Each structure stands twice: as structure tokens, then as C-alpha cells.
Amino acid sequence: EWADRYAYLSPENSAEPGKWQTLGYQKGMMNAVTDPRNEKVTFKKSARVGYTKIIDHAIGFYADQEPSPMMVVQPTLDDAKGYSTDEVIPMVRDTPVLKAIEVSEKEKGSGVTQLKRKFTNGASLILVGANSARGFRRVTIRALFFDEVDGYPVEGAGAEGDQIKLGIKRTETFWNRRIILGSTPTVKGASKIDKNFQLSDKRYFAPPCPHCKERNIWKFSPSKDYGEPIECPDGIKIAYMKWPKGKPEEAHFICGHCGCEMHEEDKAWMIDHGRAMEDDGWVATAPFKGHAGLHIWAAYSLFPNAAWSKLAAEFLESKSDPQALQVFVNTVLGEVWEDRGERVDGEGLIKRRENYGLVCPRDVVTITAGVDIQGNRIEVERVGWGLNGESWGLEKTVLYGDPTGPLIWDELDELLATRIQHEGGFELPIAATCVDANYLTQTVTQYCSQRFGRRIWAIRGIGGAGKPIWPKKASKTKGKLTVFNVGTDAAKELVYSRLRMPDFGPGYSHFNMSYDEDHFKQLTSEEVKIKYFKGQQVRYWDLKEGHKRNEALDIRVYATAALEALKVGGFNLKRRKKEINARTDKNGPVVDVVRQEEEHEPVMVPVAKKKKRSRRRVRRSR
């Protein structure tokens with residue numbers, strides 16, 4: 001009511017300066033700020049919904065109607081200065097009731113600065129940066145606004161800790177305090193605004209359908225990739241956005257009650273009738289405990305650039321680029337981004353098992369193995385490879401015994417020397433093997449060094465972005481034995497991308513019937529997570545919640561690394577395919593295919609070179 005009566009939009013920050021008019025969905029957002037029942041209000045929002053103006057008018061309301069000490073916390077001190085210059089100062093200048101009570105910066109001894117505004121009725125406004133602990137000291141605040149909290153420095157306000165907790169400490173003397181948090185969300189698990197929203201009563205704007213007059217919460221997609229599922233209260237359903245394939249200009253919503261289409265021309269009517277409802281159009285989906293949370297996204301906006309056709313087109317332009325898609329999810333949908341590019345469903349994989357036994361299908365051209373060493377066993381997977389990354393899981397074998405003793409290594413030696421029958425009628429040996437040397441390094445490297453000619457290599461998994469699957473050269477252990485540092489992040493991304501392939505052909509991963517449910521659970525046990533280091537996002541692989549073992553993933557990564565090593569060394573899969581085809585007639589194989597495998601020239605694997613000692617000439621004096 002205050003904003004509709006008194007507020008103006010300034011030419012510095014508005015496309016259409018002049019008298020303010022509250023949009024339908026904004027009414028409930030603005031009323032939530034001053035509702036005496038709400039000690040805390042969280043706005044999880046997208047861009048293009050007018051949120052900044054809502055905060056401006058909340059400041060104006062408290063300055064005029066309920067004179068109070070206020071504070072706005074921006075991500076940095078420069079952001080605070082910018083907000084003062086671009087929003088606060090023009091708003092006060094262009095709003096007559098505020099201009100009349102403003103203390104001029106020119107007035108001698110006023111104490112008014114760019115970051116501190118005062119009013120003659122006792123109201124005041126302090127603007128601080130979340131990167132400065134100094135701004136939170138020696139102040140008492142009633143109305144506290146945290147703006148763009150997901151942009152706050154991760155390390156906190158210097159050495160004094162979390163900025164939100166520091167700010168809230170400044171409000172403890174007020175029984176009628178207001179704590180307002182707002183932001184576009186960022187990454188799941190790291191988003192402060194999402195964490196606060198999850199603690200609230202989680203309200204959504206639910207306008208009526210123009211056809212059946214029943215209320216719907218608008219959602220972009222039923223997929224969990226683009227927002228968390230919503231449990232609607234009685235009488236409320238979800239309306240999803242749809243459009244014909246290749247025609248984003250025809251984007252519309254489908255009513256969850258009557259199934260009718262709701263079009264762009266219906267939007268203004270729906271938003272306006274939602275505003276007129278007793279609850280201002282907003283419905284809570286969780287119990288209220290003094291904390292109101294409101295989620296709003298661009299589809300509700302009446303701004304021209306938020307037309308549904310434009311939002312659909314933005315999605316189509318960004319969906320194939322993870323970085324662009326994250327921007328869309330954060331700034332258009334107002335949802336946290338969860339990197340699902342490296343997640344695979346183990347239950348889905350077990351359904352693709354095939355009954356080809358311990359026989360290489362016809363398209364297999366070579367075999368590699370991955371070996372993982374545990375305290376009481378050695379786990380091995382033998383994988384057949386075709387062209388273009390297509391693979392066949394042949395068998396996973398677990399050898400139980402003490403890896404510090406010789407017996408289990410003899411069993412491993414026998415297993416790795418065993419040939420596997422090919423569907424073409426001949427046998428294939430294991431072309432290369434990678435053995436994990438992170439555990440029992442000396443034992444593993446000694447074992448592998450004695451079998452280097454058989455392409456059995458000791459490897460160490462090295463995490464981190466940008467590291468190649470197979471290194472340009474080998475490294476040396478303290479005992480001067482050869483070991484290769486494998487880029488496990490890149491290898492896992494490659495493995496997971498292949499596990500997601502839905503159809504037979506390039507990149508598809510086949511599995512034998514011998515693989516059990518536990519194997520697939522381990523194979524899909526990790527996911528990419530995000531952490532922040534010195535303000536920068538860092539992606540890393542970690543076990544999913546509820547998963548404890550990942551040996552199946554490790555041995556597939558090692559078998560994949562062995563294939564990459566073969567490629568680096570010049571092993572040509574296409575040439576091998578032609579050799580097999582040329583020596584296999586329609587009635588069956590030719591015997592010399594096996595001999596050809598044995599006589600194939602060895603793969604050259606780069607090894608660290610010894611540094612030459614520099615010889616310095618010493619001039620002898622006569």
C-alpha cells in the first residue's frame with residue numbers, strides 16, 4: 001500500500017521511470033516483509049521479477065512509517081557503494097515523502113555519507129559489504145536486509161566468520177526485528193539462500209486457471225534436473241510448461257486440474273486474480289515457524305523479456321552447454337544448480353545385462369584389465385573394447401588372500417595370462433593392465449616392473465581438473481620403480497558419459513549377466529560435488545550419500561586408462577579390426593589370428609628419462 005501510494009521509479013535504474021505499480025505476485029512478497037508474524041523472510045528468486053525494487057520500497061516504508069535503524073549487506077563494499085548510488089540515493093530523491101525527511105549530505109556534521117543515510121525522524125540506513133567485518137561492529141539494527149547472499153565471500157567477513165550470523169547478532173535487542181534474505185541461488189550444497197529457504201514454510205505463487213479457476217503452481221519441467229519436487233497442499237496442483245518440438249514460440253502451461261492450455265495472453269489475468277486472493281496468491285508447502293520463504297521465477301514476470309516463448313528459447317539455446325544451462329537454471333528458474341552430468345543410475349544399468357558368457361562378442365578387438373588392491377583381496381575387471389569407445393564387461397573377479405604374500409599374486413598372474421575366447425573362433429589375450437599402486441606401492445610396482453613387457457603397469461590415481469587420463473611420461477617411486485599417474489577425474493567423466501549412452505553403438509557399455517547388483521551400485525557410487533576454495537568453485541568426485549564402496553568404479557577406470565595408454569603408444573583399434581575381419585571368413589576364423597595378436601608390435605609407453613649430469617669445465621691455473 002505504501003509503495004503504490006508514494007513510490008516512484010528513477011530514470012537511472014528503470015526502463016519506464018515514474019509512478020510505481022505493484023505487480024500481482026509482488027504484493028505477497030512485499031507484505032511478507034512487514035507481516036509482524038514473520039521474524040525472518042527468505043526470497044529465493046530468479047532475475048526479472050523486480051526484487052531489487054521490493055527491497056528499495058521496504059527501506060522506504062520503514063524510513064517513513066516505522067522509523068528504524070536499517071542495514072543492507074551487499075556481497076562486497078563496492079557493491080554496497082553501487083547500490084547506494086544506483087538505487088538508494090535516486091529513490092530518496094524521487095520519492096517526495098522520503099525527500100522531505102532526508103538529512104542532507106551537505107549539512108555540516110550530519111554524518112551522512114555514501115554508505116550511511118539518515119532521516120530527520122530518527123530512521124537510518126547503513127550499507128556494508130559482506131567482505132568487511134568492520135561494518136558489522138558497534139551498530140544496532142532493527143530491519144536487516146541481506147542482498148544476493150549467494151555472492152558473499154565464502155571465507156566470511158574476514159576472521160570473524162559468517163556474515164549472516166554477524167549481522168543477525170546486531171538485531172538481538174529488537175523484539176520486532178526483521179531479517180530479510182534474498183538471492184538468486186547458485187550451486188546445490190553451497191547455496192546459502194537455498195539452505196535458508198529449506199528452513200522456511202516454502203511458499204509459491206499459485207494463481208487460478210482461466211478455464212477451471214483452480215489454482216496451480218507453475219513449474220518449468222517435471223524433471224528433477226530443473227528444481228526440487230513440490231508437495232502441493234490440498235486443492236493446489238502443478239502446471240508444467242510445454243511447447244511443440246522446435247516451436248518455443250508456442251510455449252504454454254498445462255493446468256494440473258483440467259488439462260487445458262494456459263497461454264501468454266492469459267498471464268496478466270491469472271497474476272492479477274492471484275493477487276486478489278486472501279493469501280495474496282501465495283501458498284505455503286511446509287509448516288510455518290516464524291520464517292516465511294518465497295520462491296519466484298521468471299515465468300510469473302510481466303516484463304516483455306520474460307515472455308514464455310523467450311524463456312523456452314533461452315532453454316533450447318543453453319541446454320547443450322552445462323555452463324549456459326547453469327545460468328538458465330539459476331537466473332531464470334531461480335533454482336540451485338546440481339551438476340548431474342556425472343551421475344548415473346545403477347538400477348538402470350543392471351537392466352542392460354546381456355547373456356554372452358565369458359566370450360568376446362564379434363565386435364571386440366582388444367581386451368584390457370583394471371586391478372584394485374584391498375587389504376584382504378584383489379579385484380580385477382576384464383573389459384573388451386570395440387571401436388569408438390564401445391565396451392563389453394567380460395568378468396569381474398575377486399581374488400581373496402593377503403596381498404603382502406606371494407600366493408595371491410601368483411593367482412593374479414595366472415588370471416592376467418589367461419586368454420579369452422572370441423566369438424570369431426579364436427582367443428584374445430589381455431593387451432594391457434593397470435594395477436593400482438596407491439596401496440602397497442612397493443609391492444605393486446615391483447610386481448609390475450617385472451612384467452612391463454606384458455604391458456602390466458603400476459598406476460596411481462591423481463584427482464583434479466585438467467589432468468589427462470594417461471600421462472605424457474612415467475614417474476618414479478622412491479625405490480626408482482616406474483609408476484604412471486592417471487587422471488582419475490577425466491577417466492571417471494569418460495566412464496560415466498559412456499554409462500549414460502542409451503543405445504548400442506559408439507560409447508555404449510555392455511555388461512555380462514555375471515555382474516551383480518552390488519557391482520552396479522559400486523560402479524555408480526560417486527558423483528561430482530562442488531566446494532569453494534578462495535572464492536572459486538572447485539569440482540571434485542566423492543561418494544554419494546549412503547554409498548561406502550567404489551571398487552567397481554575404480555577397476556573400470558583402470559581398465560579405461562589401460563586402453564588410453566594403448567592408444568597413446570600407437571595401438572590402432574581400426575587397424576586391429578581390419579586384421580581380424582581379414583583373417584575371419586564367412587565360415588569361421590583363420591587360425592593365424594591368434595598368432596597375429598602375439599606378433600603384434602609392442603606398444604611404446606613413455607617412461608621418465610634420467611637427467612643427464614651437467615659437466616662443468618674447470619679451468620686449471622698453471
# chains A, B, ... in the order shown; residues from 1 in each chain; ligands from 1

call {"tool": "closest_atom_pairs", "arguments": {"of": "segment 300-353 of chain A", "to": "segment 519-525 of chain A", "cutoff": "9 Å", "atoms": "only C-alpha atoms", "output": "CSV"}}
result
residue,atom,partner,partner_atom,distance
A:Arg343,CA,A:Thr524,CA,7.2
A:Val344,CA,A:Thr524,CA,5.8
A:Asp345,CA,A:Thr524,CA,6.6
A:Gly346,CA,A:Phe520,CA,5.0
A:Glu347,CA,A:Phe520,CA,7.4
A:Leu349,CA,A:Phe520,CA,6.8
A:Ile350,CA,A:Phe520,CA,6.6

call {"tool": "closest_residue", "arguments": {"among": "A:Pro210, A:Pro502, A:Gly479, A:Pro468", "to": "Ala565 of chain A", "atoms": "only C-alpha atoms"}}
result
A:Pro468

call {"tool": "select_by_dssp", "arguments": {"residues": "segment 21-112 of chain A", "states": "strand (DSSP E)", "output": "list in words"}}
result
Lys40, Val41, Thr42, Phe43, Lys44, Lys45, Pro69, Met70, Met71, Val72, Val73 and Gln74 of chain A

call {"tool": "closest_residue", "arguments": {"among": "A:Phe484, A:Tyr558, A:Phe197, A:Trp392", "to": "Gly505 of chain A", "atoms": "only C-alpha atoms"}}
result
A:Trp392

call {"tool": "closest_residue", "arguments": {"among": "A:Ile296, A:Val336, A:Met270, A:Cys212", "to": "Asp194 of chain A", "atoms": "only C-alpha atoms"}}
result
A:Val336

call {"tool": "closest_residue", "arguments": {"among": "A:Lys567, A:Glu395, A:Arg500, A:Asn38", "to": "Ile469 of chain A", "atoms": "only C-alpha atoms"}}
result
A:Lys567

call {"tool": "residues_around", "arguments": {"residues": "Lys319 of chain A", "least_positions_apart": "6", "cutoff": "12 Å", "atoms": "only C-alpha atoms", "output": "list in words"}}
result
Asp225, Tyr226, Ala312, Ala313, Leu325, Gln326, Val327, Phe328, Val329 and Gly341 of chain A

call {"tool": "write_last_selection", "arguments": {"atoms": "C-alpha atoms", "output": "PDB file, in the first residue's frame"}}
result
ATOM      1  CA  ASP A 225      17.146 -31.674 -13.056  1.00  0.00           C
ATOM      2  CA  TYR A 226      15.413 -28.298 -13.054  1.00  0.00           C
ATOM      3  CA  ALA A 312      11.687 -21.570 -23.798  1.00  0.00           C
ATOM      4  CA  ALA A 313      14.060 -20.277 -26.477  1.00  0.00           C
ATOM      5  CA  LEU A 325      22.415 -24.239 -18.598  1.00  0.00           C
ATOM      6  CA  GLN A 326      23.541 -23.420 -15.057  1.00  0.00           C
ATOM      7  CA  VAL A 327      22.972 -19.716 -15.771  1.00  0.00           C
ATOM      8  CA  PHE A 328      19.481 -20.550 -17.042  1.00  0.00           C
ATOM      9  CA  VAL A 329      18.619 -22.693 -14.010  1.00  0.00           C
ATOM     10  CA  GLY A 341      26.343 -34.651 -15.792  1.00  0.00           C
TER      11      GLY A 341
END

call {"tool": "atom_distance", "arguments": {"atom1": "atom CA of Gly129 of chain A", "atom2": "atom CA of Tyr8 of chain A"}}
result
26.4 Å

call {"tool": "residues_around", "arguments": {"residues": "Asp234 of chain A", "least_positions_apart": "5", "cutoff": "12 Å", "atoms": "only C-alpha atoms", "output": "list in words"}}
result
Glu214, Arg215, Asn216, Val283, Ala284 and Thr285 of chain A

call {"tool": "write_last_selection", "arguments": {"atoms": "N, CA and C atoms", "output": "PDB file, in the first residue's frame"}}
result
ATOM      1  N   GLU A 214      -9.258 -23.237 -10.944  1.00  0.00           N
ATOM      2  CA  GLU A 214      -8.498 -23.899  -9.883  1.00  0.00           C
ATOM      3  C   GLU A 214      -7.058 -23.393  -9.888  1.00  0.00           C
ATOM      4  N   ARG A 215      -6.396 -23.490  -8.738  1.00  0.00           N
ATOM      5  CA  ARG A 215      -5.069 -22.874  -8.593  1.00  0.00           C
ATOM      6  C   ARG A 215      -3.936 -23.848  -8.923  1.00  0.00           C
ATOM      7  N   ASN A 216      -2.899 -23.297  -9.568  1.00  0.00           N
ATOM      8  CA  ASN A 216      -1.716 -24.072  -9.945  1.00  0.00           C
ATOM      9  C   ASN A 216      -0.436 -23.341  -9.545  1.00  0.00           C
ATOM     10  N   VAL A 283       0.910 -19.746  -1.521  1.00  0.00           N
ATOM     11  CA  VAL A 283       0.543 -20.895  -0.697  1.00  0.00           C
ATOM     12  C   VAL A 283       1.807 -21.503  -0.081  1.00  0.00           C
ATOM     13  N   ALA A 284       1.714 -21.877   1.187  1.00  0.00           N
ATOM     14  CA  ALA A 284       2.847 -22.489   1.892  1.00  0.00           C
ATOM     15  C   ALA A 284       2.801 -23.995   1.705  1.00  0.00           C
ATOM     16  N   THR A 285       3.964 -24.611   1.537  1.00  0.00           N
ATOM     17  CA  THR A 285       4.045 -26.068   1.364  1.00  0.00           C
ATOM     18  C   THR A 285       4.770 -26.742   2.522  1.00  0.00           C
TER      19      THR A 285
END

call {"tool": "atom_distance", "arguments": {"atom1": "atom CA of Asn485 of chain A", "atom2": "atom CA of Thr445 of chain A"}}
result
12.6 Å

call {"tool": "select_by_dssp", "arguments": {"residues": "segment 46-278 of chain A", "states": "alpha helix (DSSP H)", "output": "PyMOL selection string"}}
result
chain A and resi 51-64+77-83+89-94+96-99+163-169+192-198+267-275

call {"tool": "write_last_selection", "arguments": {"atoms": "N, CA and C atoms", "output": "short mmCIF file (atom, residue, chain, number, x, y, z; two decimals), in the first residue's frame"}}
result
data_model
loop_
_atom_site.label_atom_id
_atom_site.label_comp_id
_atom_site.auth_asym_id
_atom_site.auth_seq_id
_atom_site.Cartn_x
_atom_site.Cartn_y
_atom_site.Cartn_z
N TYR A 51 12.82 -7.79 -7.79
CA TYR A 51 13.15 -7.97 -6.37
C TYR A 51 13.88 -6.75 -5.79
N THR A 52 14.79 -6.18 -6.56
CA THR A 52 15.56 -5.03 -6.04
C THR A 52 14.62 -3.89 -5.66
N LYS A 53 13.61 -3.66 -6.48
CA LYS A 53 12.67 -2.57 -6.17
C LYS A 53 11.85 -2.89 -4.91
N ILE A 54 11.57 -4.17 -4.69
CA ILE A 54 10.86 -4.54 -3.46
C ILE A 54 11.68 -4.17 -2.24
N ILE A 55 12.98 -4.44 -2.28
CA ILE A 55 13.86 -4.07 -1.16
C ILE A 55 13.94 -2.55 -1.02
N ASP A 56 14.03 -1.85 -2.16
CA ASP A 56 14.04 -0.38 -2.12
C ASP A 56 12.82 0.14 -1.37
N HIS A 57 11.65 -0.37 -1.72
CA HIS A 57 10.41 0.14 -1.13
C HIS A 57 10.25 -0.30 0.31
N ALA A 58 10.82 -1.45 0.66
CA ALA A 58 10.80 -1.86 2.07
C ALA A 58 11.62 -0.87 2.90
N ILE A 59 12.76 -0.46 2.38
CA ILE A 59 13.58 0.56 3.06
C ILE A 59 12.79 1.86 3.18
N GLY A 60 12.14 2.25 2.08
CA GLY A 60 11.34 3.48 2.10
C GLY A 60 10.20 3.41 3.10
N PHE A 61 9.54 2.26 3.19
CA PHE A 61 8.44 2.09 4.14
C PHE A 61 8.92 2.26 5.58
N TYR A 62 10.00 1.58 5.94
CA TYR A 62 10.49 1.67 7.32
C TYR A 62 11.00 3.08 7.63
N ALA A 63 11.62 3.72 6.65
CA ALA A 63 12.12 5.08 6.88
C ALA A 63 10.97 6.05 7.13
N ASP A 64 9.84 5.85 6.44
CA ASP A 64 8.72 6.79 6.54
C ASP A 64 7.72 6.40 7.62
N LEU A 77 32.07 -4.38 -0.57
CA LEU A 77 31.96 -2.96 -0.26
C LEU A 77 31.66 -2.15 -1.52
N ASP A 78 32.25 -2.54 -2.64
CA ASP A 78 31.98 -1.85 -3.90
C ASP A 78 30.52 -2.04 -4.31
N ASP A 79 29.96 -3.24 -4.07
CA ASP A 79 28.55 -3.46 -4.35
C ASP A 79 27.67 -2.57 -3.48
N ALA A 80 28.07 -2.39 -2.23
CA ALA A 80 27.31 -1.53 -1.32
C ALA A 80 27.32 -0.09 -1.81
N LYS A 81 28.48 0.38 -2.26
CA LYS A 81 28.57 1.74 -2.80
C LYS A 81 27.72 1.88 -4.07
N GLY A 82 27.77 0.85 -4.91
CA GLY A 82 26.97 0.88 -6.13
C GLY A 82 25.48 0.89 -5.85
N TYR A 83 25.05 0.10 -4.86
CA TYR A 83 23.63 0.06 -4.51
C TYR A 83 23.18 1.41 -3.96
N ILE A 89 20.02 6.50 -3.25
CA ILE A 89 20.05 7.96 -3.42
C ILE A 89 19.00 8.42 -4.44
N PRO A 90 18.88 7.79 -5.65
CA PRO A 90 17.83 8.20 -6.57
C PRO A 90 16.42 7.98 -6.01
N MET A 91 16.21 6.85 -5.27
CA MET A 91 14.88 6.58 -4.71
C MET A 91 14.47 7.69 -3.75
N VAL A 92 15.35 8.08 -2.84
CA VAL A 92 15.02 9.13 -1.87
C VAL A 92 14.77 10.45 -2.59
N ARG A 93 15.58 10.74 -3.58
CA ARG A 93 15.43 12.00 -4.34
C ARG A 93 14.09 12.08 -5.05
N ASP A 94 13.62 10.93 -5.61
CA ASP A 94 12.42 10.94 -6.45
C ASP A 94 11.15 10.54 -5.71
N PRO A 96 8.79 11.88 -2.88
CA PRO A 96 8.59 13.11 -2.09
C PRO A 96 8.55 12.91 -0.58
N VAL A 97 7.88 11.83 -0.10
CA VAL A 97 7.78 11.66 1.36
C VAL A 97 9.13 11.33 1.97
N LEU A 98 10.04 10.76 1.21
CA LEU A 98 11.38 10.48 1.71
C LEU A 98 12.27 11.70 1.57
N LYS A 99 12.13 12.40 0.47
CA LYS A 99 12.92 13.61 0.26
C LYS A 99 12.66 14.63 1.36
N GLN A 163 28.89 -14.02 7.64
CA GLN A 163 28.34 -12.67 7.59
C GLN A 163 26.90 -12.61 8.08
N ILE A 164 26.12 -13.63 7.75
CA ILE A 164 24.71 -13.62 8.15
C ILE A 164 24.57 -13.70 9.68
N LYS A 165 25.37 -14.55 10.30
CA LYS A 165 25.33 -14.65 11.75
C LYS A 165 25.82 -13.36 12.41
N LEU A 166 26.84 -12.75 11.83
CA LEU A 166 27.34 -11.48 12.36
C LEU A 166 26.25 -10.41 12.31
N GLY A 167 25.55 -10.35 11.17
CA GLY A 167 24.51 -9.35 11.02
C GLY A 167 23.36 -9.57 11.98
N ILE A 168 22.91 -10.82 12.11
CA ILE A 168 21.78 -11.12 12.98
C ILE A 168 22.09 -10.78 14.44
N LYS A 169 23.35 -10.92 14.83
CA LYS A 169 23.77 -10.55 16.19
C LYS A 169 23.45 -9.08 16.48
N LYS A 192 23.56 -20.51 0.06
CA LYS A 192 23.06 -20.07 1.35
C LYS A 192 21.57 -19.77 1.28
N ILE A 193 21.13 -19.21 0.15
CA ILE A 193 19.71 -18.86 0.06
C ILE A 193 18.86 -20.12 0.01
N ASP A 194 19.35 -21.17 -0.63
CA ASP A 194 18.59 -22.41 -0.68
C ASP A 194 18.51 -23.06 0.70
N LYS A 195 19.61 -23.03 1.44
CA LYS A 195 19.61 -23.60 2.79
C LYS A 195 18.60 -22.89 3.68
N ASN A 196 18.51 -21.57 3.56
CA ASN A 196 17.54 -20.82 4.36
C ASN A 196 16.12 -21.08 3.89
N PHE A 197 15.94 -21.19 2.59
CA PHE A 197 14.60 -21.46 2.05
C PHE A 197 14.08 -22.81 2.54
N GLN A 198 14.96 -23.79 2.63
CA GLN A 198 14.55 -25.12 3.09
C GLN A 198 14.10 -25.11 4.54
N LYS A 267 -1.70 -14.66 -19.01
CA LYS A 267 -0.82 -14.46 -17.85
C LYS A 267 -1.28 -13.30 -16.97
N ALA A 268 -1.54 -12.13 -17.56
CA ALA A 268 -1.90 -10.95 -16.77
C ALA A 268 -3.16 -11.21 -15.95
N TRP A 269 -4.15 -11.89 -16.58
CA TRP A 269 -5.40 -12.20 -15.86
C TRP A 269 -5.11 -13.10 -14.67
N MET A 270 -4.30 -14.13 -14.87
CA MET A 270 -4.00 -15.09 -13.80
C MET A 270 -3.24 -14.42 -12.66
N ILE A 271 -2.22 -13.63 -13.00
CA ILE A 271 -1.42 -12.96 -11.97
C ILE A 271 -2.30 -12.00 -11.16
N ASP A 272 -3.15 -11.26 -11.86
CA ASP A 272 -4.00 -10.28 -11.18
C ASP A 272 -5.00 -10.95 -10.26
N HIS A 273 -5.60 -12.07 -10.71
CA HIS A 273 -6.58 -12.77 -9.87
C HIS A 273 -5.90 -13.51 -8.72
N GLY A 274 -4.65 -13.88 -8.90
CA GLY A 274 -3.91 -14.45 -7.78
C GLY A 274 -3.69 -13.43 -6.69
N ARG A 275 -3.38 -12.22 -7.07
CA ARG A 275 -3.16 -11.12 -6.12
C ARG A 275 -4.41 -10.86 -5.29
#

call {"tool": "residues_around", "arguments": {"residues": "segment 297-302 of chain A", "least_positions_apart": "6", "cutoff": "6 Å", "atoms": "only C-alpha atoms", "output": "list in words"}}
result
Lys45, Ser46, Arg48, Val49, Val332, Leu333 and Gly334 of chain A

call {"tool": "write_last_selection", "arguments": {"atoms": "C-alpha atoms", "output": "compact mmCIF listing (two decimals), in the first residue's frame"}}
result
# COMPACT_ATOMS: atom_id res chain seq x y z
CA LYS A 45 14.27 -15.87 -6.75
CA SER A 46 15.27 -15.52 -10.36
CA ARG A 48 13.43 -10.26 -13.92
CA VAL A 49 10.96 -10.31 -11.02
CA VAL A 332 15.57 -17.89 -15.00
CA LEU A 333 14.20 -20.72 -12.87
CA GLY A 334 15.55 -19.41 -9.56
